[in-house]
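Report on the following structure.
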Amino acid sequence: MTVALDGRPVLRQVDLDVSAGEFVTLLGANGSGKSTLVRAAIGLVPTSAGTVELFGTPLRQFKDRSRLGYVPQRSRAVAGVPATMQEIVMSGRLARRRVAGWRTKADIAAVDAAIAKVGLSDRARSSVSEMSGGQQQRALIARALATEAELLIMDEPIAGVDHDNQETLADLLATLVGEGTSVLLVAHELGPLRPLIDRAVVLERGEVTYDGDVVAIRDAEHVHVHHHSSRPEKSDGFSGNPVGRDQVV
């Protein structure tokens, strides 16, 4: 996939796959193209060349958005939003509605369950503008969970979040991964999420410079990679092969 914004190349022939049940993290400095990659992968940013498939279906033909949960950067999503947590999470059910209409009992049950999973049942009717950064982040995650998604795409979910909330998020994601949810996560730092990660992909100036074991990543903020005797070989996800049945993106 290649992406150019305002005539400036942002991603250059990036190949990436996420398999079913896999936890993949995207690392890289500011401006490396991490957020652009995940936004382009779900159709929020236009591509200049290449193809995207979700669950084996070309992006333009992909209709079942309920299988996909997107958690944007908190600063973009909740700044100045005059809504309660329950209202924010309920918006995640729109992808499951075949026709416009009032919320159903299934919607209410899914929203209550999603809020409970992130541990904020007592704040369900609170305004998100009155919540801490960590609580706002969990509200956005609950919105994605309310879709009952199979693939969770998260853009810097622990940025600006205190350690206790990072631990809470790590516990939640561990449970979801254990239940079979796939995760593609953009990060500057890994913190308590590191033990959950199956594979790290490093972007530098819009190109993939590393794809492999997260153990080799010494410092996520500056992305130093120990190559040992040689540079790690690219995984099958960078062979240019079409997405198979066991791959979700």
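Residue numbering restarts at 1 for every chain of the structure tokens, chains are lettered A, B, ... in their displayed order, and ligands are numbered from 1 as they appear.
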
Enumerate, in order of chain and increasing residue number, the residues of stretch 39-120 of chain A with an atom no farther than 12 Å from stretch 166-171 of chain A, each with its shortest atom pair and distance in Å to one decimal, counting only C-alpha atoms, as JSON lines.
{"residue": "A:Lys117", "atom": "CA", "partner": "A:Leu169", "partner_atom": "CA", "distance": 10.2}
{"residue": "A:Val118", "atom": "CA", "partner": "A:Leu169", "partner_atom": "CA", "distance": 7.8}
{"residue": "A:Gly119", "atom": "CA", "partner": "A:Thr168", "partner_atom": "CA", "distance": 8.6}
{"residue": "A:Leu120", "atom": "CA", "partner": "A:Thr168", "partner_atom": "CA", "distance": 11.2}

Problem set entry | 9 Å contact set for A:Thr51, only C-alpha atoms, chain neighbours under 5 positions out, as a list in words | Met1, Thr2, Pro58 and Leu59 of chain A

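Atom pair atom CA of A:Asp155 / atom CA of A:Arg194 has a distance of 15.6 Å (rounded to one decimal).
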
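Restricting the calculation to only C-alpha atoms, the smallest distance between A:Ala114 and any of A:Ala174, A:Ile153, A:Ala200, A:Leu145 is found for A:Leu145.
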
- Task: Name the residues of stretch 43-226 of chain A that fall into strand (DSSP E) according to DSSP on the backbone, using the chain letters and numbers of this document, as a count of residues only.
- Result: 35

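Put simply, atom CA of A:Asp122 is 24.5 Å away from atom CA of A:Leu152.
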
For A:Glu207, find every residue with an atom within 8 Å (counting only C-alpha atoms), except residues of its own chain fewer than 5 positions away, and show them as a compact mmCIF listing (two decimals) with all heavy atoms, in the first residue's frame.
# COMPACT_ATOMS: atom_id res chain seq x y z
N LEU A 11 3.27 6.80 3.10
CA LEU A 11 3.58 5.37 3.17
C LEU A 11 4.08 4.92 1.80
O LEU A 11 3.50 5.28 0.77
CB LEU A 11 2.33 4.56 3.55
CG LEU A 11 1.72 4.83 4.92
CD1 LEU A 11 0.42 4.05 5.07
CD2 LEU A 11 2.69 4.45 6.03
N ARG A 12 5.14 4.13 1.82
CA ARG A 12 5.76 3.69 0.56
C ARG A 12 5.75 2.17 0.49
O ARG A 12 6.54 1.51 1.14
CB ARG A 12 7.20 4.21 0.47
CG ARG A 12 7.33 5.74 0.49
CD ARG A 12 8.78 6.16 0.56
NE ARG A 12 8.94 7.61 0.49
CZ ARG A 12 8.88 8.41 1.55
NH1 ARG A 12 8.63 7.91 2.75
NH2 ARG A 12 9.04 9.71 1.41
N GLN A 13 4.84 1.62 -0.29
CA GLN A 13 4.77 0.19 -0.56
C GLN A 13 4.87 -0.64 0.73
O GLN A 13 5.69 -1.54 0.86
CB GLN A 13 5.88 -0.21 -1.53
CG GLN A 13 5.73 0.44 -2.90
CD GLN A 13 6.80 0.01 -3.88
OE1 GLN A 13 7.93 -0.28 -3.50
NE2 GLN A 13 6.46 -0.03 -5.15
N VAL A 14 4.00 -0.35 1.65
CA VAL A 14 3.95 -1.07 2.93
C VAL A 14 3.10 -2.32 2.79
O VAL A 14 1.96 -2.25 2.33
CB VAL A 14 3.38 -0.16 4.04
CG1 VAL A 14 3.14 -0.97 5.31
CG2 VAL A 14 4.33 0.99 4.32
N SER A 32 6.20 8.82 11.20
CA SER A 32 6.66 7.64 10.46
C SER A 32 5.54 6.99 9.65
O SER A 32 5.81 6.16 8.79
CB SER A 32 7.25 6.61 11.43
OG SER A 32 6.27 6.19 12.37

Exercise for the section: For stretch 177-193 of chain A, list every protein, DNA or RNA residue within 8 Å, evaluated using only C-alpha atoms, and leave out those in the same chain fewer than 3 positions away; present the list as a ChimeraX atom specification. Expected result: /A:18-29,34-35,149-159,166-167,170,173-174,196-197,219-221,248

Filtered DSSP result for stretch 75-215 of chain A, state helix (DSSP H, G or I), as a VMD selection string: chain A and resid 75 to 77 85 to 96 105 to 117 121 to 123 128 to 130 133 to 146 163 to 178 191 to 196 214 to 215

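Among the candidate residues A:Leu16, A:Ala95, A:Ala116, A:Val3, the one lying nearest to A:Tyr70 is A:Ala95, with distances computed using only C-alpha atoms.
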
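For stretch 134-137 of chain A, the non-local neighbours within 6 Å, defined as residues at least 3 positions apart in the same chain or in other chains and counting only C-alpha atoms, are Met131, Leu140, Val161 and Asn165 of chain A.
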
Kindly save the residues from that selection, with N, CA, C and O atoms included, as an mmCIF file, in the first residue's frame.
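Once everything was written out, this is result16.cif:
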data_model
loop_
_atom_site.group_PDB
_atom_site.id
_atom_site.type_symbol
_atom_site.label_atom_id
_atom_site.label_comp_id
_atom_site.auth_asym_id
_atom_site.auth_seq_id
_atom_site.Cartn_x
_atom_site.Cartn_y
_atom_site.Cartn_z
ATOM 1 N N MET A 131 -14.299 12.987 32.781
ATOM 2 C CA MET A 131 -13.505 11.808 33.126
ATOM 3 C C MET A 131 -12.014 12.076 32.961
ATOM 4 O O MET A 131 -11.594 12.995 32.245
ATOM 5 N N LEU A 140 -13.654 4.813 24.957
ATOM 6 C CA LEU A 140 -13.485 4.572 23.518
ATOM 7 C C LEU A 140 -13.300 3.088 23.232
ATOM 8 O O LEU A 140 -13.779 2.572 22.222
ATOM 9 N N VAL A 161 -1.773 8.187 29.492
ATOM 10 C CA VAL A 161 -2.555 7.445 30.493
ATOM 11 C C VAL A 161 -1.631 6.986 31.610
ATOM 12 O O VAL A 161 -0.520 6.514 31.360
ATOM 13 N N ASN A 165 -3.958 2.824 34.878
ATOM 14 C CA ASN A 165 -4.888 2.620 33.769
ATOM 15 C C ASN A 165 -4.248 1.816 32.652
ATOM 16 O O ASN A 165 -4.938 1.085 31.940
#

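Nearest to A:Ala124 of all the residues A:Asp107, A:Asp17, A:Glu87, A:Asp162 is A:Glu87, based on only C-alpha atoms.
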